Amino acid sequence: MSNYQAEEDAAYMDHVDDDDDDMEDVDDDLGDDFHGDDMAASDSDVDEFDYSSNKIADTSAEQARKGKDIQGIPWDRLSITREKYRQTRLDQYKNYENVPNSGDSSGKDCMATQKGAIFYDFWRNSRSIKSSILHFQLRNLVWATSKHDVYLMSQFLVSHYSTLTSGKHEVLNVQGHVSPSEKHPGSLLEGFTKTQVSTLAVKDKFLVAGGFQGELICKHLDRPGVSFCSRTTYDDNAITNAIEIYNKPSGALHFTASNNDCGVRDFDMERYQLVNYFRFPWPVNHTSLSPDGKLLTIVGDNPEGLLVDPNTGKTLGTLAGHLDFSFASAWHPDGLTFSTGNQDKTCRVWDIRNLSKSVAVLRGNLGAIRSIRYTSDGKYMAMAEPADFVHVYDVSKGYETEQEIDFFGEISGISFSPDTEALFIGVWDRTYGSLLEYGRHHNYSYLDSYL
């Protein structure tokens, strides 16, 4: 992401202001019932909105089957139809670009896909748990550790949500002072105060929150308190853009932090030590480690991405094709293919056996591809735009068929459950913020014989 946060936010806010002007007539129609276009990615927007006053009810799968809007938007009481509002959003949404016209120029390489597939069925829209976004380019703030357990960022709280009880509880509160309750060499014992969390990662029983000033806060979910605090850099340009938690072949717990100071840092959480630090020519927005641990994808403030050796930082390959800056990457479980998401509105799929061209180029509807996830069995891949759309592709069919999940609101993150049975989507909106829950579609036609 940009070296100058204030300038980036100001530029984005100009886009949002323009959108608000363009959408004025639509807002008049929607009135106070819907503010889907009234969202701006800034600290003030998060602080000004009191989620506790929101009384809109959840939507169940049964209600959705009977025709209720999955987000509870009362279209029958509004003077604009859902279809017309959707078209207005498509026509007037302005994609944020660092390279002018990258979104318009990327279309020629994109493959045509067959839409209309159903891989995941709508299960519930949960209004009681609401995620938030601190930086408009960073959308990795929702993580599922099982089909019943979801962790997400809401204001200054990391919360756990149970799909079994529809209950939530506080896991980490960073609004006040946070300091480690355990003593480890290299840990910042004085901790941090009022940390602005820019990114999050949760895997199994381990959580890492990354902050705007390079803060890293590590917590074992099965232990009280915080285990480890560190500041990656005191550079003015320190924001933590992404975290990836992984296990070494030995089983040792590690995580990689991607930072705006052009650095990638690898931490060993068995010894609580920084074990590797690599610098690149541009800010690093996201990294992904291959399933065998031998290759690391690096994407950031450059249209080209890199494939590097995670032990030495040596560049092994270059990824050429995107036209703007990239903010997402993910490996397929087979370890041979991986994907990158870019502000040129595309996701490119790569094969390590031939990096000269992309295997597939998939295009979004509104804007940048800011988050990518594969199911653990490798059958499906999901990519999220900044708002309104999550696309799920059938990898086994060459990404040619897709399910397009269509709603209204900014996307704070997406996550498949480890068993592939659930897909969660965090929606940030002043009125309709929620957690969308989807369950994997199964064909139980064999049961027909019992009917």
# chains A, B, ... in the order shown; residues from 1 in each chain; ligands from 1
>>> residues_around(residues="segment 426-433 of chain A", least_positions_apart="2", cutoff="6 Å", atoms="only C-alpha atoms", output="PyMOL selection string")
chain A and resi 130-132+409-413+435
>>> write_last_selection(atoms="N, CA, C and O atoms", output="CSV table (one decimal), in the first residue's frame")
chain,number,residue,atom,x,y,z
A,130,LYS,N,-20.7,-7.8,14.3
A,130,LYS,CA,-20.4,-6.9,13.2
A,130,LYS,C,-18.9,-6.6,13.1
A,130,LYS,O,-18.3,-6.2,14.1
A,131,SER,N,-18.4,-6.8,11.9
A,131,SER,CA,-17.0,-6.6,11.7
A,131,SER,C,-16.8,-5.1,11.3
A,131,SER,O,-17.7,-4.5,10.8
A,132,SER,N,-15.5,-4.6,11.4
A,132,SER,CA,-15.2,-3.3,11.0
A,132,SER,C,-13.9,-3.3,10.2
A,132,SER,O,-13.2,-4.3,10.2
A,409,GLY,N,-22.6,-3.9,0.8
A,409,GLY,CA,-21.7,-3.5,1.9
A,409,GLY,C,-20.3,-3.8,1.7
A,409,GLY,O,-19.9,-4.6,0.8
A,410,GLU,N,-19.4,-3.1,2.4
A,410,GLU,CA,-18.0,-3.3,2.3
A,410,GLU,C,-17.7,-4.7,2.9
A,410,GLU,O,-18.3,-5.1,3.9
A,411,ILE,N,-16.6,-5.3,2.4
A,411,ILE,CA,-16.3,-6.7,2.8
A,411,ILE,C,-15.0,-6.6,3.7
A,411,ILE,O,-14.0,-6.1,3.3
A,412,SER,N,-15.1,-7.0,5.0
A,412,SER,CA,-14.0,-7.0,5.9
A,412,SER,C,-13.1,-8.2,5.8
A,412,SER,O,-12.0,-8.2,6.2
A,413,GLY,N,-13.7,-9.3,5.3
A,413,GLY,CA,-12.9,-10.5,5.2
A,413,GLY,C,-13.8,-11.7,4.8
A,413,GLY,O,-15.0,-11.6,4.9
A,435,LEU,N,-22.5,-10.7,9.8
A,435,LEU,CA,-21.7,-11.8,9.3
A,435,LEU,C,-22.6,-12.7,8.5
A,435,LEU,O,-23.6,-13.3,9.0
>>> residues_around(residues="segment 303-307 of chain A", least_positions_apart="4", cutoff="7 Å", atoms="only C-alpha atoms", output="PDB file with C-alpha atoms, in the first residue's frame")
ATOM      1  CA  LEU A 295       8.112 -21.178  -1.879  1.00  0.00           C
ATOM      2  CA  LEU A 296       6.821 -17.793  -0.763  1.00  0.00           C
ATOM      3  CA  THR A 297       4.682 -15.480  -2.874  1.00  0.00           C
ATOM      4  CA  ILE A 298       5.331 -11.759  -2.411  1.00  0.00           C
ATOM      5  CA  VAL A 299       2.903  -9.116  -3.684  1.00  0.00           C
ATOM      6  CA  THR A 315      13.944 -14.390  -5.933  1.00  0.00           C
ATOM      7  CA  LEU A 316      13.102 -17.580  -7.846  1.00  0.00           C
ATOM      8  CA  GLY A 317      10.497 -16.202 -10.254  1.00  0.00           C
ATOM      9  CA  THR A 318       8.634 -13.092 -11.340  1.00  0.00           C
ATOM     10  CA  LEU A 319       4.879 -12.798 -11.866  1.00  0.00           C
ATOM     11  CA  ALA A 320       4.066 -10.450 -14.752  1.00  0.00           C
ATOM     12  CA  HIS A 322      -1.218  -7.526 -13.327  1.00  0.00           C
ATOM     13  CA  LEU A 323      -1.492  -3.809 -14.072  1.00  0.00           C
ATOM     14  CA  ASP A 324      -1.755  -2.325 -10.565  1.00  0.00           C
ATOM     15  CA  PHE A 325      -0.763  -3.073  -6.957  1.00  0.00           C
ATOM     16  CA  SER A 326      -1.680  -6.432  -5.414  1.00  0.00           C
TER      17      SER A 326
END
>>> atom_distance(atom1="atom CA of Lys294 of chain A", atom2="atom CA of Phe255 of chain A")
14.8 Å
>>> residues_around(residues="Lys248 of chain A", least_positions_apart="4", cutoff="9 Å", atoms="only C-alpha atoms", output="ChimeraX atom specification")
/A:252-254,292-293
>>> residues_around(residues="Arg363 of chain A", least_positions_apart="2", cutoff="8 Å", atoms="only C-alpha atoms", output="list in words")
Gly107, Cys110, Met111, Lys345, Thr346, Cys347, Val361 and Asn365 of chain A
>>> write_last_selection(atoms="C-alpha atoms", output="CSV table (one decimal), in the first residue's frame")
chain,number,residue,atom,x,y,z
A,107,GLY,CA,-10.5,-6.8,-19.1
A,110,CYS,CA,-10.1,-12.3,-18.6
A,111,MET,CA,-11.8,-15.6,-19.2
A,345,LYS,CA,-10.1,-5.9,-10.7
A,346,THR,CA,-8.5,-9.3,-11.5
A,347,CYS,CA,-7.4,-12.5,-9.8
A,361,VAL,CA,-7.5,-14.5,-15.2
A,365,ASN,CA,-17.6,-6.6,-11.0
>>> closest_residue(among="A:Asp109, A:Arg124, A:Ala209, A:Gly225", to="Val359 of chain A", atoms="only C-alpha atoms")
A:Asp109
